[in-house]
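Shown next: run_23.cif, given as mmCIF, C-alpha atoms.
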data_start
loop_
_atom_site.group_PDB
_atom_site.id
_atom_site.type_symbol
_atom_site.label_atom_id
_atom_site.label_comp_id
_atom_site.auth_asym_id
_atom_site.auth_seq_id
_atom_site.Cartn_x
_atom_site.Cartn_y
_atom_site.Cartn_z
ATOM 1 C CA MET A 1 -3.651 119.632 43.148
ATOM 2 C CA ASN A 2 -1.894 121.506 40.292
ATOM 3 C CA LYS A 3 1.848 122.145 40.053
ATOM 4 C CA THR A 4 1.492 125.799 41.091
ATOM 5 C CA GLU A 5 -0.228 124.813 44.342
ATOM 6 C CA GLN A 6 2.372 122.128 44.979
ATOM 7 C CA SER A 7 5.214 124.599 44.408
ATOM 8 C CA ALA A 8 3.632 127.173 46.728
ATOM 9 C CA GLY A 9 3.148 124.533 49.388
ATOM 10 C CA LEU A 10 6.707 123.304 49.140
ATOM 11 C CA SER A 11 8.026 126.871 49.230
ATOM 12 C CA GLU A 12 6.148 127.607 52.448
ATOM 13 C CA TYR A 13 7.393 124.324 53.880
ATOM 14 C CA ALA A 14 11.016 125.070 52.955
ATOM 15 C CA ASP A 15 10.862 128.493 54.595
ATOM 16 C CA SER A 16 9.884 127.229 58.050
ATOM 17 C CA ARG A 17 11.048 123.651 58.500
ATOM 18 C CA LEU A 18 13.966 122.154 60.331
ATOM 19 C CA ALA A 19 16.037 119.497 58.577
ATOM 20 C CA ASN A 20 13.952 116.371 57.863
ATOM 21 C CA ASP A 21 10.845 117.841 59.537
ATOM 22 C CA PRO A 22 7.449 117.702 57.808
ATOM 23 C CA PRO A 23 5.385 120.933 57.679
ATOM 24 C CA LEU A 24 4.135 120.705 61.254
ATOM 25 C CA ARG A 25 1.323 123.263 60.967
ATOM 26 C CA ALA A 26 0.026 121.363 57.971
ATOM 27 C CA VAL A 27 0.294 118.027 59.788
ATOM 28 C CA ARG A 28 -1.625 119.526 62.712
ATOM 29 C CA ALA A 29 -4.371 120.729 60.386
ATOM 30 C CA PHE A 30 -4.598 117.314 58.701
ATOM 31 C CA GLU A 31 -4.795 115.539 62.081
ATOM 32 C CA ALA A 32 -7.702 117.770 63.091
ATOM 33 C CA ILE A 33 -9.510 117.124 59.795
ATOM 34 C CA ALA A 34 -9.003 113.356 60.106
ATOM 35 C CA ARG A 35 -10.034 113.218 63.785
ATOM 36 C CA LEU A 36 -13.051 115.531 63.501
ATOM 37 C CA GLY A 37 -14.140 114.508 60.004
ATOM 38 C CA SER A 38 -14.629 118.051 58.736
ATOM 39 C CA VAL A 39 -12.621 121.047 57.548
ATOM 40 C CA THR A 40 -15.143 123.338 59.247
ATOM 41 C CA LEU A 41 -14.816 121.589 62.614
ATOM 42 C CA ALA A 42 -11.035 121.524 62.265
ATOM 43 C CA ALA A 43 -11.068 125.277 61.596
ATOM 44 C CA GLN A 44 -13.184 125.899 64.697
ATOM 45 C CA GLU A 45 -10.819 123.850 66.874
ATOM 46 C CA LEU A 46 -7.676 125.487 65.456
ATOM 47 C CA ASP A 47 -9.294 128.945 65.519
ATOM 48 C CA ILE A 48 -8.471 129.669 61.887
ATOM 49 C CA SER A 49 -10.598 129.949 58.777
ATOM 50 C CA PRO A 50 -11.731 126.888 56.777
ATOM 51 C CA SER A 51 -9.786 128.206 53.785
ATOM 52 C CA ALA A 52 -6.633 128.324 55.913
ATOM 53 C CA VAL A 53 -7.199 124.706 56.947
ATOM 54 C CA SER A 54 -7.682 123.713 53.302
ATOM 55 C CA HIS A 55 -4.494 125.556 52.396
ATOM 56 C CA GLN A 56 -2.527 123.675 55.060
ATOM 57 C CA LEU A 57 -3.928 120.408 53.736
ATOM 58 C CA LYS A 58 -2.653 121.325 50.269
ATOM 59 C CA VAL A 59 0.764 122.167 51.747
ATOM 60 C CA LEU A 60 1.008 118.711 53.274
ATOM 61 C CA GLU A 61 -0.240 116.968 50.134
ATOM 62 C CA GLY A 62 2.310 118.951 48.148
ATOM 63 C CA TYR A 63 5.090 117.870 50.454
ATOM 64 C CA LEU A 64 4.029 114.212 50.342
ATOM 65 C CA GLN A 65 3.243 114.343 46.621
ATOM 66 C CA MET A 66 0.014 112.409 47.090
ATOM 67 C CA PRO A 67 -3.627 113.167 47.899
ATOM 68 C CA LEU A 68 -4.689 112.568 51.500
ATOM 69 C CA THR A 69 -8.384 113.302 50.939
ATOM 70 C CA GLU A 70 -10.950 112.786 48.230
ATOM 71 C CA ARG A 71 -14.453 113.987 47.496
ATOM 72 C CA GLN A 72 -17.454 111.693 47.919
ATOM 73 C CA GLY A 73 -20.364 113.834 46.796
ATOM 74 C CA ARG A 74 -20.244 116.929 48.986
ATOM 75 C CA ARG A 75 -18.199 115.237 51.695
ATOM 76 C CA LEU A 76 -14.430 115.310 52.066
ATOM 77 C CA VAL A 77 -13.115 111.913 53.226
ATOM 78 C CA LEU A 78 -9.669 110.449 53.775
ATOM 79 C CA SER A 79 -8.041 108.607 50.900
ATOM 80 C CA GLN A 80 -6.294 105.292 51.491
ATOM 81 C CA HIS A 81 -2.986 107.164 51.916
ATOM 82 C CA GLY A 82 -4.720 109.596 54.241
ATOM 83 C CA ARG A 83 -6.046 106.811 56.459
ATOM 84 C CA GLU A 84 -2.604 105.196 56.636
ATOM 85 C CA TYR A 85 -0.940 108.508 57.485
ATOM 86 C CA TYR A 86 -3.511 109.332 60.166
ATOM 87 C CA ARG A 87 -3.028 105.952 61.825
ATOM 88 C CA SER A 88 0.716 106.658 61.942
ATOM 89 C CA ILE A 89 0.539 110.174 63.410
ATOM 90 C CA ARG A 90 -2.408 109.664 65.776
ATOM 91 C CA ALA A 91 -0.272 108.082 68.523
ATOM 92 C CA ALA A 92 2.254 110.925 68.326
ATOM 93 C CA PHE A 93 -0.463 113.538 68.779
ATOM 94 C CA ASN A 94 -1.919 111.607 71.715
ATOM 95 C CA VAL A 95 1.501 111.598 73.358
ATOM 96 C CA LEU A 96 1.877 115.332 72.705
ATOM 97 C CA ARG A 97 -1.500 116.065 74.296
ATOM 98 C CA GLN A 98 -0.795 113.834 77.294
ATOM 99 C CA ALA A 99 2.623 115.395 77.849
ATOM 100 C CA THR A 100 1.150 118.903 77.659
ATOM 101 C CA GLU A 101 -1.691 118.022 80.002
ATOM 102 C CA HIS A 102 0.726 116.425 82.432
ATOM 103 C CA LEU A 103 3.030 119.458 82.525
ATOM 104 C CA ALA A 104 0.128 121.900 82.826
ATOM 105 C CA GLY A 105 -1.292 119.826 85.660
ATOM 106 C CA GLN A 106 1.898 119.748 87.688
ATOM 107 C CA ALA A 107 0.695 122.841 89.530
ATOM 108 C CA GLN A 108 -2.061 120.627 90.901
ATOM 109 C CA THR A 109 0.216 118.775 93.273
ATOM 110 C CA ARG A 110 -2.470 116.252 94.265
ATOM 111 C CA GLN A 111 -2.848 114.831 90.754
ATOM 112 C CA VAL A 112 -1.320 111.470 89.795
ATOM 113 C CA THR A 113 -1.283 110.240 86.198
ATOM 114 C CA ILE A 114 -1.155 106.513 85.512
ATOM 115 C CA SER A 115 -1.078 104.918 82.074
ATOM 116 C CA LEU A 116 -2.702 101.534 81.536
ATOM 117 C CA ILE A 117 -3.377 98.932 78.886
ATOM 118 C CA PRO A 118 -7.174 99.059 78.306
ATOM 119 C CA LEU A 119 -7.967 95.503 79.429
ATOM 120 C CA PHE A 120 -5.846 95.925 82.566
ATOM 121 C CA GLY A 121 -7.788 99.069 83.350
ATOM 122 C CA MET A 122 -11.186 97.482 82.771
ATOM 123 C CA GLY A 123 -10.549 94.102 84.327
ATOM 124 C CA TRP A 124 -8.232 94.880 87.247
ATOM 125 C CA PHE A 125 -7.534 98.548 88.041
ATOM 126 C CA ILE A 126 -10.896 100.299 87.729
ATOM 127 C CA PRO A 127 -12.886 97.705 89.729
ATOM 128 C CA ARG A 128 -10.441 98.299 92.625
ATOM 129 C CA LEU A 129 -10.094 102.050 92.209
ATOM 130 C CA PRO A 130 -13.078 102.956 94.454
ATOM 131 C CA ASP A 131 -11.156 101.527 97.431
ATOM 132 C CA PHE A 132 -8.246 103.888 96.785
ATOM 133 C CA ILE A 133 -10.502 106.914 96.235
ATOM 134 C CA ARG A 134 -12.405 106.288 99.472
ATOM 135 C CA ALA A 135 -9.140 106.055 101.407
ATOM 136 C CA ASN A 136 -7.492 108.996 99.595
ATOM 137 C CA PRO A 137 -10.225 111.445 98.526
ATOM 138 C CA GLN A 138 -7.727 114.314 98.237
ATOM 139 C CA THR A 139 -5.732 112.590 95.460
ATOM 140 C CA GLU A 140 -6.864 113.202 91.888
ATOM 141 C CA ILE A 141 -6.312 110.212 89.602
ATOM 142 C CA ASN A 142 -5.733 110.782 85.892
ATOM 143 C CA VAL A 143 -5.960 107.527 83.892
ATOM 144 C CA VAL A 144 -4.621 107.479 80.320
ATOM 145 C CA TYR A 145 -3.981 104.784 77.734
ATOM 146 C CA ALA A 146 -0.604 103.122 77.406
ATOM 147 C CA ASN A 147 0.462 101.797 74.031
ATOM 148 C CA HIS A 148 1.911 98.430 74.998
ATOM 149 C CA ARG A 149 3.872 98.086 71.774
ATOM 150 C CA ASN A 150 6.185 101.076 72.303
ATOM 151 C CA TYR A 151 4.995 102.802 75.497
ATOM 152 C CA LEU A 152 5.012 106.319 74.166
ATOM 153 C CA SER A 153 3.017 107.644 77.150
ATOM 154 C CA ASP A 154 6.134 108.701 79.044
ATOM 155 C CA ALA A 155 4.377 111.731 80.517
ATOM 156 C CA SER A 156 2.701 109.561 83.144
ATOM 157 C CA ASP A 157 3.873 109.512 86.748
ATOM 158 C CA MET A 158 3.672 105.730 86.651
ATOM 159 C CA SER A 159 2.528 103.059 84.251
ATOM 160 C CA ILE A 160 1.421 99.460 84.251
ATOM 161 C CA ARG A 161 3.366 97.783 81.475
ATOM 162 C CA PHE A 162 3.134 94.355 79.970
ATOM 163 C CA GLY A 163 6.313 92.465 79.125
ATOM 164 C CA ASN A 164 9.491 91.081 80.604
ATOM 165 C CA GLY A 165 10.103 93.976 83.007
ATOM 166 C CA GLN A 166 12.998 95.577 81.111
ATOM 167 C CA TRP A 167 12.418 99.136 79.879
ATOM 168 C CA ALA A 168 15.213 101.658 79.510
ATOM 169 C CA GLY A 169 14.846 104.629 81.833
ATOM 170 C CA TYR A 170 12.348 102.907 84.133
ATOM 171 C CA GLN A 171 12.380 101.045 87.407
ATOM 172 C CA SER A 172 9.903 98.186 87.247
ATOM 173 C CA GLU A 173 8.515 95.574 89.594
ATOM 174 C CA LYS A 174 6.203 92.691 88.815
ATOM 175 C CA LEU A 175 2.662 93.445 89.898
ATOM 176 C CA ILE A 176 0.530 90.522 88.723
ATOM 177 C CA SER A 177 1.010 87.383 86.684
ATOM 178 C CA GLY A 178 0.414 87.274 82.967
ATOM 179 C CA GLN A 179 -0.438 83.561 82.849
ATOM 180 C CA MET A 180 -3.177 82.560 80.422
ATOM 181 C CA VAL A 181 -5.975 80.017 80.738
ATOM 182 C CA PRO A 182 -8.497 78.777 78.146
ATOM 183 C CA VAL A 183 -11.884 80.456 78.452
ATOM 184 C CA CYS A 184 -15.138 80.794 76.572
ATOM 185 C CA SER A 185 -18.556 82.288 77.182
ATOM 186 C CA ARG A 186 -21.298 80.380 78.981
ATOM 187 C CA ALA A 187 -23.458 80.903 75.927
ATOM 188 C CA PHE A 188 -20.770 79.228 73.807
ATOM 189 C CA LEU A 189 -20.921 76.107 76.009
ATOM 190 C CA ARG A 190 -24.696 75.968 75.718
ATOM 191 C CA ILE A 191 -24.330 75.776 71.947
ATOM 192 C CA HIS A 192 -21.264 73.528 71.654
ATOM 193 C CA GLY A 193 -21.648 71.392 74.771
ATOM 194 C CA HIS A 194 -19.296 70.744 77.672
ATOM 195 C CA ILE A 195 -15.576 70.421 76.891
ATOM 196 C CA ASP A 196 -14.045 67.560 78.889
ATOM 197 C CA THR A 197 -10.526 67.208 77.460
ATOM 198 C CA PRO A 198 -7.950 69.474 75.792
ATOM 199 C CA GLU A 199 -8.265 67.312 72.667
ATOM 200 C CA GLN A 200 -11.880 68.433 72.269
ATOM 201 C CA LEU A 201 -10.702 72.018 71.907
ATOM 202 C CA LEU A 202 -9.102 71.052 68.595
ATOM 203 C CA GLN A 203 -12.604 70.810 67.160
ATOM 204 C CA MET A 204 -13.727 74.171 68.542
ATOM 205 C CA PRO A 205 -13.357 77.617 66.945
ATOM 206 C CA LEU A 206 -10.324 79.265 68.526
ATOM 207 C CA LEU A 207 -9.560 82.954 68.910
ATOM 208 C CA HIS A 208 -6.004 84.332 68.908
ATOM 209 C CA ASP A 209 -4.780 87.217 71.084
ATOM 210 C CA GLU A 210 -1.919 89.129 69.371
ATOM 211 C CA GLU A 211 -0.370 86.035 67.761
ATOM 212 C CA ARG A 212 -1.280 82.575 66.492
ATOM 213 C CA THR A 213 1.538 80.668 68.207
ATOM 214 C CA THR A 214 0.155 80.545 71.766
ATOM 215 C CA TRP A 215 -2.547 77.935 71.190
ATOM 216 C CA PRO A 216 -0.099 75.422 69.635
ATOM 217 C CA GLN A 217 2.218 75.954 72.619
ATOM 218 C CA TRP A 218 -0.650 75.339 75.048
ATOM 219 C CA PHE A 219 -1.701 72.131 73.274
ATOM 220 C CA LEU A 220 1.891 70.898 73.267
ATOM 221 C CA LEU A 221 2.101 71.633 76.996
ATOM 222 C CA GLN A 222 -0.993 69.457 77.545
ATOM 223 C CA GLY A 223 0.489 66.587 75.551
ATOM 224 C CA VAL A 224 -1.806 67.081 72.567
ATOM 225 C CA LYS A 225 0.392 66.425 69.561
ATOM 226 C CA ARG A 226 -2.161 66.468 66.766
ATOM 227 C CA PRO A 227 -1.555 69.358 64.363
ATOM 228 C CA LEU A 228 -3.597 72.472 65.085
ATOM 229 C CA ARG A 229 -5.211 74.561 62.392
ATOM 230 C CA ARG A 230 -4.072 78.127 63.024
ATOM 231 C CA SER A 231 -7.213 79.596 61.546
ATOM 232 C CA GLY A 232 -9.692 81.694 63.464
ATOM 233 C CA PRO A 233 -9.832 85.444 64.121
ATOM 234 C CA LEU A 234 -6.642 87.173 65.260
ATOM 235 C CA PHE A 235 -7.176 90.192 67.549
ATOM 236 C CA GLU A 236 -4.681 92.988 68.164
ATOM 237 C CA ASP A 237 -5.077 93.087 71.935
ATOM 238 C CA GLY A 238 -6.799 91.507 74.911
ATOM 239 C CA LEU A 239 -9.712 93.924 74.918
ATOM 240 C CA LEU A 240 -10.713 92.943 71.389
ATOM 241 C CA THR A 241 -10.153 89.267 72.235
ATOM 242 C CA LEU A 242 -12.458 89.628 75.232
ATOM 243 C CA ALA A 243 -15.144 91.128 73.011
ATOM 244 C CA GLY A 244 -14.778 88.158 70.653
ATOM 245 C CA VAL A 245 -15.168 85.671 73.506
ATOM 246 C CA GLN A 246 -18.182 87.551 74.884
ATOM 247 C CA ALA A 247 -19.759 87.454 71.429
ATOM 248 C CA GLY A 248 -19.447 83.660 71.392
ATOM 249 C CA LEU A 249 -16.970 83.550 68.497
ATOM 250 C CA GLY A 250 -14.865 80.848 70.144
ATOM 251 C CA CYS A 251 -12.426 79.903 72.895
ATOM 252 C CA ALA A 252 -9.396 82.015 73.760
ATOM 253 C CA LEU A 253 -6.331 81.929 75.973
ATOM 254 C CA MET A 254 -6.702 84.968 78.222
ATOM 255 C CA ARG A 255 -4.786 86.376 81.164
ATOM 256 C CA GLU A 256 -6.831 85.266 84.152
ATOM 257 C CA PRO A 257 -6.337 88.218 86.546
ATOM 258 C CA LEU A 258 -7.755 90.620 83.954
ATOM 259 C CA ILE A 259 -10.938 88.679 83.281
ATOM 260 C CA ALA A 260 -11.690 87.774 86.908
ATOM 261 C CA PRO A 261 -14.859 89.958 87.011
ATOM 262 C CA TYR A 262 -16.302 88.111 84.016
ATOM 263 C CA LEU A 263 -15.420 84.721 85.490
ATOM 264 C CA GLU A 264 -16.952 85.663 88.836
ATOM 265 C CA SER A 265 -20.175 86.861 87.198
ATOM 266 C CA GLY A 266 -20.426 83.608 85.229
ATOM 267 C CA GLU A 267 -20.418 85.373 81.875
ATOM 268 C CA LEU A 268 -17.137 83.647 81.022
ATOM 269 C CA VAL A 269 -16.080 80.123 81.965
ATOM 270 C CA LYS A 270 -12.558 78.841 82.592
ATOM 271 C CA ILE A 271 -12.576 75.647 80.521
ATOM 272 C CA PHE A 272 -9.518 74.119 82.212
ATOM 273 C CA ASP A 273 -7.345 75.270 85.096
ATOM 274 C CA LEU A 274 -4.310 74.603 82.914
ATOM 275 C CA PRO A 275 -2.306 77.835 82.562
ATOM 276 C CA ILE A 276 0.474 78.714 80.169
ATOM 277 C CA ASP A 277 3.167 81.275 80.955
ATOM 278 C CA ASP A 278 4.762 83.091 78.025
ATOM 279 C CA GLY A 279 7.227 84.955 80.251
ATOM 280 C CA ARG A 280 5.346 88.263 80.178
ATOM 281 C CA ASP A 281 3.709 89.824 83.221
ATOM 282 C CA TYR A 282 2.212 93.124 84.331
ATOM 283 C CA HIS A 283 4.754 95.482 85.893
ATOM 284 C CA LEU A 284 4.469 98.670 87.921
ATOM 285 C CA CYS A 285 6.899 101.142 86.354
ATOM 286 C CA VAL A 286 8.193 104.557 87.391
ATOM 287 C CA ARG A 287 10.756 106.785 85.734
ATOM 288 C CA SER A 288 14.318 106.428 86.989
ATOM 289 C CA ASP A 289 15.106 110.122 86.549
ATOM 290 C CA SER A 290 12.270 111.730 88.527
ATOM 291 C CA GLU A 291 11.070 111.792 92.121
ATOM 292 C CA MET A 292 7.608 110.440 92.864
ATOM 293 C CA THR A 293 5.211 112.841 94.581
ATOM 294 C CA GLU A 294 3.654 111.926 97.916
ATOM 295 C CA ASP A 295 0.336 111.234 96.222
ATOM 296 C CA GLY A 296 2.121 109.137 93.642
ATOM 297 C CA LYS A 297 3.665 107.088 96.425
ATOM 298 C CA LEU A 298 0.185 106.587 97.927
ATOM 299 C CA LEU A 299 -1.055 105.107 94.665
ATOM 300 C CA GLN A 300 2.138 103.114 94.159
ATOM 301 C CA ASN A 301 1.912 101.503 97.608
ATOM 302 C CA TRP A 302 -1.806 100.844 97.230
ATOM 303 C CA LEU A 303 -1.159 99.007 93.950
ATOM 304 C CA ARG A 304 1.453 96.864 95.646
ATOM 305 C CA ARG A 305 -0.898 95.998 98.519
ATOM 306 C CA ALA A 306 -3.764 95.195 96.168
ATOM 307 C CA ALA A 307 -1.604 92.866 94.105
ATOM 308 C CA SER A 308 0.100 91.326 97.144
ATOM 309 C CA GLY A 309 -3.217 90.657 98.867
ATOM 310 C CA GLU A 310 -4.460 88.703 95.886
ATOM 311 C CA SER A 311 -1.227 86.740 95.620
ATOM 312 C CA SER A 312 -1.382 85.718 99.286
ATOM 313 C CA ALA A 313 -5.090 84.934 99.029
ATOM 314 C CA GLY A 314 -4.413 82.746 96.023
#
Please re-express this file's structure in structure tokens.
Amino acid sequence: MNKTEQSAGLSEYADSRLANDPPLRAVRAFEAIARLGSVTLAAQELDISPSAVSHQLKVLEGYLQMPLTERQGRRLVLSQHGREYYRSIRAAFNVLRQATEHLAGQAQTRQVTISLIPLFGMGWFIPRLPDFIRANPQTEINVVYANHRNYLSDASDMSIRFGNGQWAGYQSEKLISGQMVPVCSRAFLRIHGHIDTPEQLLQMPLLHDEERTTWPQWFLLQGVKRPLRRSGPLFEDGLLTLAGVQAGLGCALMREPLIAPYLESGELVKIFDLPIDDGRDYHLCVRSDSEMTEDGKLLQNWLRRAASGESSAG
């Protein structure tokens, strides 16, 4: 980008921005390019010309003073800075879309939106959801992702959150335990042999969910004082950790209620019934400043019964 283009971009930005705001139209155009992988597709989605999309990209690059894309042959791809920027703004755009969808859907009074952590949805909520739908066919369920690091999905009627139960602006109640147990795949045991004692796990490849400190804490809890090598793959969340265990990469400490279907099918094996509790559980949360709809209350009460039934059965 030459200095004339940069100056034009900055001038357009200065004419329309609020204090400290980036050029929002340009950011929107860049997000569409990054998500769709094409200026042409971004133009079709935004209902503007490809040249207008390219111009907005130049405006943003001028504001940031760095290239966000680069040419690879005839293809336009994200630069390293572009990939980093897209990762940062993607969550904000998801929140914006969810909030807009939620508000637009309020006219549909039978719709309830719930935000979930992916592994909670796959391992606990969705397998039970048919029971709720059969009992409440008139209620429309909208399931969206919850970002467990900062919980930006505030547009939801309710959310299942993972942590200590304290979130500003929300009323929360513990739904299910977050205790972890050591597990591996059945295929892993066929290759490595049966594991009889916690000490034997020291010789096995270990996988880490979110952090590398949990395994040492578990070994200490079992009285195993030999130093543990903290090597082995580290996964960002439980869903990726589950995929690693299923692939036979090693043993992992996983939250038992969320992997129950895989334990019941025999795909995964609980190596020891020796749990560790890190003080974090799964909580049912609703906003303190809004009234729950009748259909929301139906889902809320059903969640409580489902969790309570398992607790009493256990």
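When only C-alpha atoms are used to measure the gap to Leu24 (chain A), the shortest distance among A:Ala43, A:Val112, A:Val59, A:Ile48 belongs to A:Val59.
Compared by their closest atoms to Ala307 (chain A), and using only C-alpha atoms, the residues A:Ala252, A:Val224, A:Ile176, A:Leu207 rank with A:Ile176 nearest.
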Hits from the PyMOL selection byres ((chain A and resi 158) around 12), listed as a PyMOL selection string: chain A and resi 102+111-116+141-146+151+153-157+159-161+170-173+283-288+290-293+295-301+303
### Query
Leaving out region 212-218 of chain A and any residue of its chain fewer than 4 positions from it, which residues lie within 10 Å of it when counting all atoms listed in the file, given as a list in words?
Met180, Val181, Pro182, Pro198, Leu202, Leu206, Leu207, His208, Gln222, Gly223, Val224, Lys225, Arg226, Pro227, Leu228, Arg229, Arg230, Ser231, Gly232, Pro233, Leu234, Phe235, Ala252, Leu253, Leu274, Pro275, Ile276, Asp277 and Asp278 of chain A
Can you spit out the residues from that selection as a compact mmCIF listing (two decimals), keeping the file's coordinate frame, using C-alpha atoms?
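The resulting file, out30.txt, is shown below:
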# COMPACT_ATOMS: atom_id res chain seq x y z
CA MET A 180 -3.18 82.56 80.42
CA VAL A 181 -5.98 80.02 80.74
CA PRO A 182 -8.50 78.78 78.15
CA PRO A 198 -7.95 69.47 75.79
CA LEU A 202 -9.10 71.05 68.60
CA LEU A 206 -10.32 79.26 68.53
CA LEU A 207 -9.56 82.95 68.91
CA HIS A 208 -6.00 84.33 68.91
CA GLN A 222 -0.99 69.46 77.54
CA GLY A 223 0.49 66.59 75.55
CA VAL A 224 -1.81 67.08 72.57
CA LYS A 225 0.39 66.42 69.56
CA ARG A 226 -2.16 66.47 66.77
CA PRO A 227 -1.56 69.36 64.36
CA LEU A 228 -3.60 72.47 65.08
CA ARG A 229 -5.21 74.56 62.39
CA ARG A 230 -4.07 78.13 63.02
CA SER A 231 -7.21 79.60 61.55
CA GLY A 232 -9.69 81.69 63.46
CA PRO A 233 -9.83 85.44 64.12
CA LEU A 234 -6.64 87.17 65.26
CA PHE A 235 -7.18 90.19 67.55
CA ALA A 252 -9.40 82.02 73.76
CA LEU A 253 -6.33 81.93 75.97
CA LEU A 274 -4.31 74.60 82.91
CA PRO A 275 -2.31 77.83 82.56
CA ILE A 276 0.47 78.71 80.17
CA ASP A 277 3.17 81.28 80.96
CA ASP A 278 4.76 83.09 78.03
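For the file at hand, the PyMOL selection byres ((chain A and resi 256) around 8) resolves to Gly178, Gln179, Met180, Val181, Met254, Arg255, Pro257, Leu258, Ile259 and Ala260 of chain A.
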Target residues per the PyMOL selection byres ((chain A and resi 25) around 10), formatted as a PyMOL selection string:
chain A and resi 13+16+22-24+26-31+53+56-57+59-60
I'd like the contact shell of Cys184 (chain A) - 8 Å cut-off, only C-alpha atoms, skipping same-chain residues fewer than 4 positions apart - returned as an mmCIF file with C-alpha atoms, in the frame of the given file.
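Contents of around_34.cif, as written:
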data_model
loop_
_atom_site.group_PDB
_atom_site.id
_atom_site.type_symbol
_atom_site.label_atom_id
_atom_site.label_comp_id
_atom_site.auth_asym_id
_atom_site.auth_seq_id
_atom_site.Cartn_x
_atom_site.Cartn_y
_atom_site.Cartn_z
ATOM 1 C CA PHE A 188 -20.770 79.228 73.807
ATOM 2 C CA LEU A 189 -20.921 76.107 76.009
ATOM 3 C CA VAL A 245 -15.168 85.671 73.506
ATOM 4 C CA GLN A 246 -18.182 87.551 74.884
ATOM 5 C CA GLY A 248 -19.447 83.660 71.392
ATOM 6 C CA GLY A 250 -14.865 80.848 70.144
ATOM 7 C CA CYS A 251 -12.426 79.903 72.895
ATOM 8 C CA ALA A 252 -9.396 82.015 73.760
ATOM 9 C CA LEU A 268 -17.137 83.647 81.022
ATOM 10 C CA VAL A 269 -16.080 80.123 81.965
ATOM 11 C CA LYS A 270 -12.558 78.841 82.592
ATOM 12 C CA ILE A 271 -12.576 75.647 80.521
#
